[in-house]
>>> print(open('run_4.txt').read())   # compact mmCIF, C-alpha atoms
# COMPACT_ATOMS: atom_id res chain seq x y z
CA MET A 1 -47.86 -46.45 -83.96
CA THR A 2 -49.25 -49.97 -83.84
CA LEU A 3 -47.81 -52.64 -81.57
CA HIS A 4 -46.36 -54.43 -84.62
CA GLN A 5 -44.65 -51.24 -85.84
CA LYS A 6 -43.32 -50.49 -82.36
CA LEU A 7 -41.84 -53.99 -82.06
CA LEU A 8 -40.16 -53.73 -85.47
CA SER A 9 -38.76 -50.32 -84.54
CA GLU A 10 -37.40 -51.70 -81.27
CA ILE A 11 -35.70 -54.58 -83.09
CA ARG A 12 -34.21 -52.42 -85.84
CA SER A 13 -33.14 -49.42 -83.78
CA PRO A 14 -29.99 -50.85 -82.14
CA PHE A 15 -28.73 -51.99 -85.54
CA THR A 16 -29.87 -49.17 -87.84
CA GLY A 17 -30.24 -46.17 -85.59
CA HIS A 18 -28.65 -42.86 -86.60
CA ARG A 19 -25.09 -42.06 -85.64
CA SER A 20 -25.78 -40.78 -82.12
CA SER A 21 -27.83 -43.87 -81.14
CA ALA A 22 -26.02 -46.63 -83.01
CA LEU A 23 -24.22 -49.57 -81.44
CA ASP A 24 -20.77 -49.21 -79.94
CA LEU A 25 -19.03 -50.59 -83.02
CA PRO A 26 -15.46 -50.56 -81.57
CA LEU A 27 -16.62 -52.70 -78.63
CA LEU A 28 -18.62 -55.02 -80.87
CA GLY A 29 -15.70 -55.30 -83.28
CA ALA A 30 -13.24 -56.19 -80.51
CA VAL A 31 -15.59 -58.88 -79.17
CA LEU A 32 -16.08 -60.39 -82.64
CA VAL A 33 -12.33 -60.37 -83.36
CA LEU A 34 -11.64 -62.24 -80.12
CA MET A 35 -14.33 -64.79 -80.98
CA VAL A 36 -12.73 -65.40 -84.37
CA ILE A 37 -9.31 -65.74 -82.72
CA GLY A 38 -10.91 -68.18 -80.31
CA LEU A 39 -12.22 -70.32 -83.16
CA ILE A 40 -8.78 -70.38 -84.77
CA MET A 41 -6.96 -71.23 -81.55
CA VAL A 42 -9.46 -73.88 -80.43
CA SER A 43 -9.05 -75.53 -83.83
CA SER A 44 -5.26 -75.42 -83.65
CA ALA A 45 -4.90 -76.41 -80.00
CA SER A 46 -7.42 -79.27 -80.02
CA MET A 47 -6.66 -81.16 -83.23
CA GLY A 48 -4.32 -83.67 -81.62
CA VAL A 49 -6.59 -84.47 -78.67
CA ALA A 50 -9.73 -84.48 -80.83
CA GLY A 51 -8.16 -86.82 -83.37
CA SER A 52 -6.98 -89.18 -80.63
CA ASP A 53 -10.13 -89.20 -78.49
CA TYR A 54 -12.86 -88.72 -81.08
CA SER A 55 -11.22 -89.76 -84.39
CA ASP A 56 -12.18 -86.33 -85.70
CA PRO A 57 -9.59 -83.52 -85.54
CA PHE A 58 -12.37 -80.93 -85.97
CA HIS A 59 -14.57 -82.24 -83.15
CA PHE A 60 -13.97 -79.30 -80.81
CA LEU A 61 -13.91 -76.76 -83.66
CA ASN A 62 -17.36 -77.85 -84.86
CA ARG A 63 -18.79 -77.58 -81.37
CA GLN A 64 -17.15 -74.22 -80.75
CA ALA A 65 -18.49 -72.90 -84.08
CA PHE A 66 -21.98 -73.93 -82.99
CA PHE A 67 -21.51 -72.12 -79.68
CA VAL A 68 -20.31 -69.01 -81.53
CA PHE A 69 -23.46 -68.87 -83.68
CA ALA A 70 -25.65 -69.57 -80.65
CA GLY A 71 -23.81 -66.87 -78.72
CA LEU A 72 -24.32 -64.33 -81.51
CA PHE A 73 -28.03 -65.18 -81.49
CA LEU A 74 -28.19 -64.57 -77.73
CA MET A 75 -26.28 -61.30 -78.14
CA CYS A 76 -28.76 -60.09 -80.78
CA ALA A 77 -31.70 -61.22 -78.64
CA MET A 78 -30.33 -59.29 -75.66
CA LEU A 79 -30.05 -56.16 -77.79
CA VAL A 80 -33.84 -55.90 -78.04
CA VAL A 81 -34.55 -56.42 -74.32
CA PRO A 82 -35.02 -53.07 -72.53
CA VAL A 83 -32.68 -52.67 -69.58
CA LYS A 84 -35.69 -51.63 -67.49
CA THR A 85 -37.06 -55.16 -67.97
CA VAL A 86 -33.80 -56.67 -66.74
CA GLU A 87 -33.94 -54.43 -63.67
CA LYS A 88 -37.59 -55.28 -63.02
CA TYR A 89 -36.86 -59.01 -62.82
CA SER A 90 -33.46 -58.74 -61.10
CA TRP A 91 -34.83 -60.56 -58.06
CA LEU A 92 -35.51 -63.56 -60.29
CA SER A 93 -31.91 -63.30 -61.43
CA LEU A 94 -30.76 -63.74 -57.85
CA PHE A 95 -32.89 -66.83 -57.24
CA GLY A 96 -31.88 -68.22 -60.62
CA GLY A 97 -28.19 -67.82 -59.86
CA LEU A 98 -28.39 -69.36 -56.40
CA GLY A 99 -30.69 -72.07 -57.75
CA LEU A 100 -28.14 -73.06 -60.38
CA LEU A 101 -25.36 -73.24 -57.77
CA LEU A 102 -27.56 -75.47 -55.63
CA ALA A 103 -28.78 -77.60 -58.53
CA VAL A 104 -25.28 -78.41 -59.72
CA LEU A 105 -24.53 -79.96 -56.31
CA ILE A 106 -27.58 -82.21 -56.65
CA VAL A 107 -27.64 -83.22 -60.30
CA GLY A 108 -24.24 -82.03 -61.48
CA ARG A 109 -21.67 -84.07 -63.36
CA GLU A 110 -18.26 -84.63 -61.77
CA VAL A 111 -15.16 -83.95 -63.88
CA ASN A 112 -11.63 -84.12 -62.45
CA GLY A 113 -12.91 -84.10 -58.88
CA SER A 114 -15.19 -81.06 -59.28
CA VAL A 115 -18.97 -80.94 -59.71
CA ARG A 116 -19.45 -77.86 -61.88
CA TRP A 117 -21.59 -78.94 -64.84
CA ILE A 118 -25.32 -79.58 -65.16
CA PRO A 119 -25.93 -82.10 -67.98
CA LEU A 120 -28.52 -80.88 -70.50
CA GLY A 121 -28.46 -83.60 -73.13
CA PRO A 122 -25.56 -83.01 -75.53
CA PHE A 123 -24.68 -79.76 -73.74
CA SER A 124 -23.44 -79.23 -70.18
CA LEU A 125 -24.04 -75.90 -68.44
CA GLN A 126 -21.33 -74.66 -66.10
CA ALA A 127 -23.51 -73.28 -63.32
CA SER A 128 -20.97 -70.79 -61.98
CA GLU A 129 -20.67 -69.00 -65.35
CA ALA A 130 -24.38 -68.16 -65.43
CA ALA A 131 -24.63 -67.55 -61.68
CA LYS A 132 -21.89 -64.90 -61.71
CA LEU A 133 -23.74 -62.75 -64.23
CA MET A 134 -27.10 -63.26 -62.50
CA ILE A 135 -25.75 -62.24 -59.10
CA VAL A 136 -24.05 -59.17 -60.60
CA VAL A 137 -27.39 -58.08 -62.16
CA TYR A 138 -29.13 -58.42 -58.79
CA LEU A 139 -26.34 -56.57 -57.00
CA ALA A 140 -26.66 -53.67 -59.47
CA ALA A 141 -30.38 -53.40 -58.67
CA TYR A 142 -29.63 -53.52 -54.94
CA LEU A 143 -27.10 -50.71 -55.25
CA VAL A 144 -29.70 -48.54 -57.01
CA ARG A 145 -32.31 -49.17 -54.29
CA ARG A 146 -29.95 -48.77 -51.34
CA LEU A 147 -27.38 -46.35 -52.69
CA ASP A 148 -27.52 -43.84 -49.82
CA GLU A 149 -27.35 -46.65 -47.27
CA VAL A 150 -24.38 -48.23 -49.05
CA ARG A 151 -22.52 -44.91 -49.07
CA THR A 152 -23.24 -43.90 -45.48
CA GLN A 153 -23.95 -46.96 -43.31
CA TRP A 154 -22.39 -50.32 -42.54
CA THR A 155 -25.76 -52.05 -42.97
CA GLY A 156 -26.00 -51.08 -46.64
CA PHE A 157 -22.47 -52.33 -47.14
CA LEU A 158 -22.97 -55.64 -45.30
CA LYS A 159 -26.40 -56.73 -46.60
CA PRO A 160 -25.15 -57.89 -50.00
CA MET A 161 -22.36 -59.74 -48.19
CA ALA A 162 -24.94 -62.26 -46.95
CA ILE A 163 -25.80 -63.16 -50.55
CA LEU A 164 -22.15 -63.29 -51.53
CA ILE A 165 -21.35 -65.53 -48.55
CA VAL A 166 -24.10 -67.98 -49.52
CA SER A 167 -22.80 -67.96 -53.11
CA SER A 168 -19.25 -68.50 -51.86
CA VAL A 169 -20.23 -71.51 -49.77
CA LEU A 170 -22.04 -73.09 -52.71
CA LEU A 171 -19.07 -72.43 -55.04
CA LEU A 172 -16.65 -73.95 -52.51
CA MET A 173 -18.79 -77.07 -52.28
CA GLU A 174 -18.23 -77.75 -56.01
CA PRO A 175 -15.33 -76.69 -55.47
CA ASP A 176 -14.64 -73.69 -57.75
CA LEU A 177 -12.28 -71.24 -56.07
CA GLY A 178 -11.57 -69.46 -59.35
CA ALA A 179 -15.23 -68.54 -59.91
CA LEU A 180 -15.43 -67.44 -56.28
CA VAL A 181 -12.48 -65.06 -56.69
CA VAL A 182 -13.91 -63.62 -59.92
CA LEU A 183 -17.39 -63.10 -58.42
CA MET A 184 -16.08 -61.52 -55.22
CA GLY A 185 -13.67 -59.28 -57.12
CA ALA A 186 -16.41 -58.02 -59.46
CA SER A 187 -18.88 -57.53 -56.61
CA MET A 188 -16.41 -55.62 -54.46
CA GLY A 189 -15.47 -53.49 -57.45
CA MET A 190 -19.13 -52.63 -58.07
CA ILE A 191 -19.69 -51.65 -54.45
CA PHE A 192 -16.55 -49.51 -54.47
CA LEU A 193 -17.51 -47.76 -57.72
CA ALA A 194 -20.98 -47.13 -56.30
CA GLY A 195 -19.38 -44.93 -53.64
CA ALA A 196 -18.78 -47.11 -50.58
CA ARG A 197 -16.41 -45.54 -48.06
CA LEU A 198 -12.81 -46.44 -48.69
CA TRP A 199 -11.97 -47.58 -45.17
CA GLN A 200 -14.95 -49.97 -45.15
CA PHE A 201 -13.82 -51.34 -48.47
CA ILE A 202 -10.23 -51.85 -47.27
CA ILE A 203 -11.39 -53.71 -44.15
CA LEU A 204 -13.58 -56.03 -46.21
CA ILE A 205 -10.84 -56.68 -48.75
CA LEU A 206 -8.44 -57.64 -45.96
CA LEU A 207 -11.03 -60.06 -44.54
CA LEU A 208 -11.63 -61.61 -47.96
CA VAL A 209 -7.92 -62.01 -48.65
CA SER A 210 -7.52 -63.67 -45.25
CA CYS A 211 -10.38 -66.07 -45.98
CA ILE A 212 -8.99 -66.99 -49.40
CA ALA A 213 -5.54 -67.52 -47.89
CA GLY A 214 -7.10 -69.82 -45.29
CA LEU A 215 -8.91 -71.79 -47.99
CA ILE A 216 -5.59 -72.34 -49.74
CA VAL A 217 -3.58 -73.22 -46.63
CA PHE A 218 -6.06 -75.77 -45.28
CA GLU A 219 -6.66 -77.59 -48.58
CA PRO A 220 -3.79 -79.93 -49.59
CA TYR A 221 -4.29 -79.75 -53.36
CA ARG A 222 -4.38 -75.95 -53.26
CA MET A 223 -1.20 -75.90 -51.20
CA ALA A 224 0.41 -78.19 -53.77
CA ARG A 225 -0.52 -75.73 -56.49
CA LEU A 226 0.93 -72.88 -54.46
CA ALA A 227 4.17 -74.81 -53.92
CA SER A 228 4.46 -75.58 -57.62
CA TYR A 229 3.82 -71.92 -58.36
CA MET A 230 6.68 -70.85 -56.13
CA ASP A 231 9.13 -73.23 -57.82
CA PRO A 232 7.51 -75.16 -60.70
CA TRP A 233 10.81 -76.60 -61.94
CA ALA A 234 11.42 -78.37 -58.62
CA ASN A 235 8.64 -80.79 -59.51
CA ALA A 236 8.40 -80.32 -63.27
CA PHE A 237 6.79 -83.73 -63.84
CA GLY A 238 4.42 -83.52 -60.88
CA SER A 239 2.52 -80.57 -59.42
CA GLY A 240 4.47 -78.09 -61.55
CA TYR A 241 3.90 -79.92 -64.83
CA GLN A 242 1.20 -77.64 -66.27
CA LEU A 243 3.06 -74.44 -65.50
CA THR A 244 6.44 -75.65 -66.78
CA GLN A 245 4.88 -76.83 -70.05
CA SER A 246 3.11 -73.51 -70.39
CA LEU A 247 6.35 -71.60 -69.82
CA ILE A 248 8.09 -73.76 -72.42
CA ALA A 249 5.36 -72.79 -74.89
CA PHE A 250 5.99 -69.10 -74.21
CA GLY A 251 9.73 -69.62 -74.59
CA ARG A 252 9.34 -71.38 -77.93
CA GLY A 253 7.13 -68.62 -79.28
CA GLU A 254 9.76 -65.88 -78.85
CA TRP A 255 8.81 -62.65 -80.70
CA PHE A 256 7.02 -63.87 -83.83
CA GLY A 257 5.95 -67.41 -82.93
CA GLU A 258 6.30 -70.79 -84.60
CA GLY A 259 3.36 -70.18 -86.95
CA LEU A 260 -0.28 -71.23 -86.84
CA GLY A 261 -0.58 -74.97 -86.22
CA ASN A 262 3.11 -75.43 -85.40
CA SER A 263 2.87 -75.64 -81.63
CA LEU A 264 4.58 -78.69 -80.13
CA GLN A 265 3.28 -78.20 -76.60
CA LYS A 266 -0.31 -78.84 -77.64
CA LEU A 267 0.69 -82.34 -78.79
CA PHE A 268 -0.03 -84.12 -75.50
CA TYR A 269 2.54 -82.09 -73.51
CA LEU A 270 0.39 -79.19 -72.28
CA PRO A 271 -2.79 -80.40 -70.52
CA GLU A 272 -6.03 -78.58 -71.32
CA ALA A 273 -4.35 -76.84 -74.26
CA HIS A 274 -7.66 -75.80 -75.85
CA THR A 275 -9.29 -74.64 -72.60
CA ASP A 276 -7.32 -73.35 -69.61
CA PHE A 277 -3.98 -72.97 -71.42
CA VAL A 278 -5.05 -71.81 -74.86
CA PHE A 279 -3.21 -68.51 -74.32
CA ALA A 280 0.08 -70.39 -73.99
CA VAL A 281 -0.53 -72.14 -77.33
CA LEU A 282 -1.41 -68.78 -78.88
CA ALA A 283 1.86 -67.31 -77.58
CA GLU A 284 3.82 -70.30 -78.95
CA GLU A 285 2.28 -70.00 -82.41
CA PHE A 286 2.08 -66.19 -82.70
CA GLY A 287 4.82 -65.08 -80.32
CA VAL A 288 4.97 -62.01 -78.11
CA LEU A 289 3.33 -59.86 -80.79
CA GLY A 290 0.29 -62.11 -81.03
CA ALA A 291 -0.05 -62.37 -77.26
CA VAL A 292 0.22 -58.59 -76.85
CA PHE A 293 -2.39 -58.06 -79.58
CA VAL A 294 -4.88 -60.32 -77.77
CA LEU A 295 -4.07 -58.72 -74.40
CA THR A 296 -4.65 -55.28 -75.93
CA LEU A 297 -8.10 -56.33 -77.15
CA ILE A 298 -8.95 -57.71 -73.71
CA LEU A 299 -7.86 -54.50 -72.00
CA PHE A 300 -9.78 -52.41 -74.53
CA ILE A 301 -13.00 -54.35 -73.92
CA SER A 302 -12.54 -54.05 -70.15
CA TRP A 303 -11.86 -50.31 -70.37
CA ARG A 304 -14.78 -49.78 -72.73
CA ALA A 305 -17.18 -51.55 -70.37
CA LEU A 306 -16.09 -49.37 -67.45
CA GLN A 307 -16.34 -46.27 -69.64
CA ILE A 308 -19.89 -47.22 -70.64
CA GLY A 309 -20.72 -47.66 -66.95
CA PHE A 310 -19.24 -44.26 -66.06
CA ARG A 311 -21.14 -42.48 -68.84
CA ALA A 312 -24.42 -44.17 -67.91
CA GLU A 313 -23.96 -43.28 -64.24
CA ALA A 314 -23.20 -39.67 -65.21
CA LYS A 315 -26.61 -39.57 -66.95
CA LYS A 316 -28.26 -40.89 -63.74
CA LEU A 317 -28.90 -44.26 -65.38
CA LEU A 318 -27.62 -45.97 -62.26
CA PHE A 319 -28.72 -49.54 -62.94
CA HIS A 320 -27.26 -49.30 -66.43
CA GLY A 321 -23.98 -48.06 -65.03
CA TYR A 322 -23.62 -50.63 -62.27
CA VAL A 323 -24.43 -53.56 -64.57
CA ALA A 324 -21.83 -52.25 -67.05
CA TYR A 325 -19.26 -52.07 -64.24
CA GLY A 326 -20.12 -55.62 -63.24
CA VAL A 327 -19.84 -57.01 -66.75
CA GLY A 328 -16.51 -55.26 -67.28
CA LEU A 329 -15.11 -56.47 -63.97
CA LEU A 330 -16.29 -60.06 -64.47
CA TYR A 331 -14.73 -60.21 -67.91
CA SER A 332 -11.45 -58.47 -67.07
CA SER A 333 -10.81 -60.32 -63.82
CA GLN A 334 -11.37 -63.77 -65.36
CA ALA A 335 -9.30 -62.95 -68.46
CA LEU A 336 -6.40 -61.50 -66.51
CA ILE A 337 -6.41 -64.36 -63.98
CA ASN A 338 -6.27 -66.89 -66.83
CA ILE A 339 -3.37 -65.05 -68.47
CA ALA A 340 -1.58 -64.69 -65.13
CA VAL A 341 -1.91 -68.45 -64.56
CA ASN A 342 -0.56 -69.19 -68.05
CA THR A 343 2.45 -66.95 -67.49
CA GLY A 344 3.17 -68.10 -63.94
CA LEU A 345 2.13 -64.86 -62.23
CA LEU A 346 -0.56 -66.73 -60.27
CA PRO A 347 -0.88 -70.33 -59.05
CA THR A 348 -2.48 -72.77 -61.49
CA LYS A 349 -6.27 -72.48 -61.52
CA GLY A 350 -8.83 -73.85 -63.94
CA LEU A 351 -10.41 -70.77 -65.52
CA ALA A 352 -11.32 -70.33 -69.17
CA LEU A 353 -10.06 -67.36 -71.19
CA PRO A 354 -13.35 -65.62 -72.07
CA LEU A 355 -14.30 -65.58 -75.77
CA ILE A 356 -11.19 -67.61 -76.71
CA SER A 357 -11.06 -70.87 -74.71
CA TYR A 358 -13.18 -73.82 -75.76
CA GLY A 359 -16.41 -74.06 -73.81
CA GLY A 360 -20.07 -73.42 -74.49
CA SER A 361 -21.10 -72.08 -71.09
CA SER A 362 -18.41 -69.41 -70.95
CA LEU A 363 -18.96 -68.29 -74.54
CA LEU A 364 -22.77 -68.18 -74.35
CA ILE A 365 -22.85 -66.30 -71.05
CA ASN A 366 -20.24 -63.81 -72.22
CA CYS A 367 -22.19 -63.16 -75.42
CA LEU A 368 -25.30 -62.62 -73.32
CA ALA A 369 -23.37 -60.21 -71.08
CA PHE A 370 -21.94 -58.23 -73.99
CA GLY A 371 -25.37 -58.07 -75.62
CA LEU A 372 -26.65 -56.51 -72.39
CA LEU A 373 -23.66 -54.15 -72.32
CA LEU A 374 -24.31 -53.01 -75.90
CA ARG A 375 -27.99 -52.48 -75.04
CA ILE A 376 -26.98 -50.39 -72.03
CA ASP A 377 -24.80 -48.17 -74.19
CA TYR A 378 -27.51 -47.92 -76.85
CA GLU A 379 -30.05 -46.71 -74.28
CA ARG A 380 -27.53 -44.26 -72.86
CA ARG A 381 -26.94 -42.80 -76.33
CA ARG A 382 -30.69 -42.67 -77.01
CA PHE A 383 -31.15 -40.89 -73.67
CA ASN A 384 -28.74 -38.20 -74.89
CA VAL A 385 -30.72 -37.79 -78.15
CA GLU A 386 -34.07 -37.56 -76.35
CA LYS A 387 -32.63 -35.02 -73.92
CA ASP A 388 -31.28 -32.91 -76.78
CA ASN A 389 -34.67 -33.03 -78.52
CA LYS A 390 -36.44 -31.85 -75.37
CA ASN A 391 -33.95 -29.00 -74.96
CA ARG A 392 -34.64 -27.89 -78.55
CA GLU A 393 -38.39 -27.96 -77.94
CA VAL A 394 -38.01 -25.84 -74.80
CA SER A 395 -35.78 -23.33 -76.55
>>> encode(input="run_4.txt", output="structure tokens")
Amino acid sequence: MTLHQKLLSEIRSPFTGHRSSALDLPLLGAVLVLMVIGLIMVSSASMGVAGSDYSDPFHFLNRQAFFVFAGLFLMCAMLVVPVKTVEKYSWLSLFGGLGLLLAVLIVGREVNGSVRWIPLGPFSLQASEAAKLMIVVYLAAYLVRRLDEVRTQWTGFLKPMAILIVSSVLLLMEPDLGALVVLMGASMGMIFLAGARLWQFIILILLLVSCIAGLIVFEPYRMARLASYMDPWANAFGSGYQLTQSLIAFGRGEWFGEGLGNSLQKLFYLPEAHTDFVFAVLAEEFGVLGAVFVLTLILFISWRALQIGFRAEAKKLLFHGYVAYGVGLLYSSQALINIAVNTGLLPTKGLALPLISYGGSSLLINCLAFGLLLRIDYERRRFNVEKDNKNREVS
């Protein structure tokens, strides 16, 4: 087979392979459905603000549509990159992630008191979104190299903590506590699923919870958010404003919603309606049934990612499995934290709802991550086929 034929085969195989090596269509379908829902909700939730600020009610929709097409391109591109190549250059992923977190502090753009975006012409990259995925990829490679040490010794357990501590310090300098919680949660989940001893894991979790509690207690604006979370109606027009307006949106939606486009809360009542609080607008317009449908898709994607990781690990494709765990944990933790904030289960925190909220960085990085996840599952299925073929030849 010539190099040209081999390249064409590699490009076509994830899309046109036979049944046992095809793409995970349920996972791909769920991701695409959420992206379509995201386009609809960004359009609905942003029309008022876009018309007022940009004299174009479709300003955010047009940009989000561009990000969707760009994200699909990245997903397709990731499908033809062998996972072995990703593992080979995982050390570059680490330096790239830490480099982005450092660069945003030097050349980043400040918005609402936080320096989280690196301006790239008409597009701004949220450094933490890319860095989370990059650090997870490196951590997966580390777990493969040091698996026995991680499972049996404190040193194997503590070495990745140095990287996570550096990342945490850089994230807190932005500051971006939400990204820090998501990254630490995903990383700890990966280490636990890799087989770290339970008592070590519990001790570390207690230390992390203590540190996060300290960060909240000793920062006035975080304490204000915590106070508004405990009783948002006590200061409904101050620190509790976002949460009370979000809860009103849920109350108005009832079971079947007010109908697409009929939300009142998005009309200058609910801040960040097309980003951090898009789920509240969705619940107002589509009711409990619509919110449960979206939550079901999110849970399915999260479960599917962990299942892919488990199946890959069972086939001794350890890097594949650990990356799949990381992608699933990153996605599920951020999505569930966003929904918990919208519903008042957690204090208010600025985190996008992956695949649905407006934002190029979040959408592009998630598409990249799901492209990698689909590639992991494709290689796992192909591994099964190759193994079956070898068994037939032997017999």
>>> residues_around(input="run_4.txt", residues="Ala70 (chain A)", least_positions_apart="6", cutoff="10 Å", atoms="only C-alpha atoms", output="number ranges by chain")
A: 64, 76, 360, 363-364, 367
>>> atom_distance(input="run_4.txt", atom1="CA of Pro232 (chain A)", atom2="CA of Ser263 (chain A)")
21.4 Å
>>> residues_near_point(input="run_4.txt", point="(-19.7, -68.9, -79.9)", cutoff="10 Å", atoms="only C-alpha atoms", output="list of chain:residue names")
A:Leu32, A:Met35, A:Val36, A:Gly38, A:Leu39, A:Arg63, A:Gln64, A:Ala65, A:Phe66, A:Phe67, A:Val68, A:Phe69, A:Ala70, A:Gly71, A:Leu72, A:Phe73, A:Leu74, A:Leu355, A:Ile356, A:Tyr358, A:Gly359, A:Gly360, A:Ser361, A:Ser362, A:Leu363, A:Leu364, A:Ile365, A:Asn366, A:Cys367
>>> write_last_selection(input="run_4.txt", atoms="C-alpha atoms", output="PDB file, in the coordinates of the input")
ATOM      1  CA  LEU A  32     -16.080 -60.390 -82.640  1.00  0.00           C
ATOM      2  CA  MET A  35     -14.330 -64.790 -80.980  1.00  0.00           C
ATOM      3  CA  VAL A  36     -12.730 -65.400 -84.370  1.00  0.00           C
ATOM      4  CA  GLY A  38     -10.910 -68.180 -80.310  1.00  0.00           C
ATOM      5  CA  LEU A  39     -12.220 -70.320 -83.160  1.00  0.00           C
ATOM      6  CA  ARG A  63     -18.790 -77.580 -81.370  1.00  0.00           C
ATOM      7  CA  GLN A  64     -17.150 -74.220 -80.750  1.00  0.00           C
ATOM      8  CA  ALA A  65     -18.490 -72.900 -84.080  1.00  0.00           C
ATOM      9  CA  PHE A  66     -21.980 -73.930 -82.990  1.00  0.00           C
ATOM     10  CA  PHE A  67     -21.510 -72.120 -79.680  1.00  0.00           C
ATOM     11  CA  VAL A  68     -20.310 -69.010 -81.530  1.00  0.00           C
ATOM     12  CA  PHE A  69     -23.460 -68.870 -83.680  1.00  0.00           C
ATOM     13  CA  ALA A  70     -25.650 -69.570 -80.650  1.00  0.00           C
ATOM     14  CA  GLY A  71     -23.810 -66.870 -78.720  1.00  0.00           C
ATOM     15  CA  LEU A  72     -24.320 -64.330 -81.510  1.00  0.00           C
ATOM     16  CA  PHE A  73     -28.030 -65.180 -81.490  1.00  0.00           C
ATOM     17  CA  LEU A  74     -28.190 -64.570 -77.730  1.00  0.00           C
ATOM     18  CA  LEU A 355     -14.300 -65.580 -75.770  1.00  0.00           C
ATOM     19  CA  ILE A 356     -11.190 -67.610 -76.710  1.00  0.00           C
ATOM     20  CA  TYR A 358     -13.180 -73.820 -75.760  1.00  0.00           C
ATOM     21  CA  GLY A 359     -16.410 -74.060 -73.810  1.00  0.00           C
ATOM     22  CA  GLY A 360     -20.070 -73.420 -74.490  1.00  0.00           C
ATOM     23  CA  SER A 361     -21.100 -72.080 -71.090  1.00  0.00           C
ATOM     24  CA  SER A 362     -18.410 -69.410 -70.950  1.00  0.00           C
ATOM     25  CA  LEU A 363     -18.960 -68.290 -74.540  1.00  0.00           C
ATOM     26  CA  LEU A 364     -22.770 -68.180 -74.350  1.00  0.00           C
ATOM     27  CA  ILE A 365     -22.850 -66.300 -71.050  1.00  0.00           C
ATOM     28  CA  ASN A 366     -20.240 -63.810 -72.220  1.00  0.00           C
ATOM     29  CA  CYS A 367     -22.190 -63.160 -75.420  1.00  0.00           C
TER      30      CYS A 367
END
>>> closest_residue(input="run_4.txt", among="A:Leu270, A:Leu170, A:Leu177, A:Ala335", to="Leu297 (chain A)", atoms="all atoms listed in the file")
A:Ala335
>>> closest_residue(input="run_4.txt", among="A:Ile118, A:Phe60, A:Val169, A:Val294", to="Ile37 (chain A)", atoms="all atoms listed in the file")
A:Val294
>>> closest_residue(input="run_4.txt", among="A:Ile308, A:Ala314, A:Ala273, A:Leu282", to="Val49 (chain A)", atoms="only C-alpha atoms")
A:Ala273
>>> atom_distance(input="run_4.txt", atom1="CA of Cys211 (chain A)", atom2="CA of Ser302 (chain A)")
27.1 Å
>>> closest_residue(input="run_4.txt", among="A:Glu254, A:Leu243, A:Ala196, A:Ile165", to="Tyr269 (chain A)", atoms="all atoms listed in the file")
A:Leu243
>>> closest_residue(input="run_4.txt", among="A:Leu318, A:Trp255, A:Gly48, A:Met173", to="Gly108 (chain A)", atoms="all atoms listed in the file")
A:Met173
>>> residues_around(input="run_4.txt", residues="Gly261 (chain A)", least_positions_apart="4", cutoff="10 Å", atoms="all atoms listed in the file", output="list in words")
Ile40, Met41, Ser43, Ser44, Ala45, Met47, Lys266, Val281, Leu282, Glu284, Glu285 and Phe286 of chain A
>>> atom_distance(input="run_4.txt", atom1="CA of Thr348 (chain A)", atom2="CA of Asp276 (chain A)")
9.5 Å
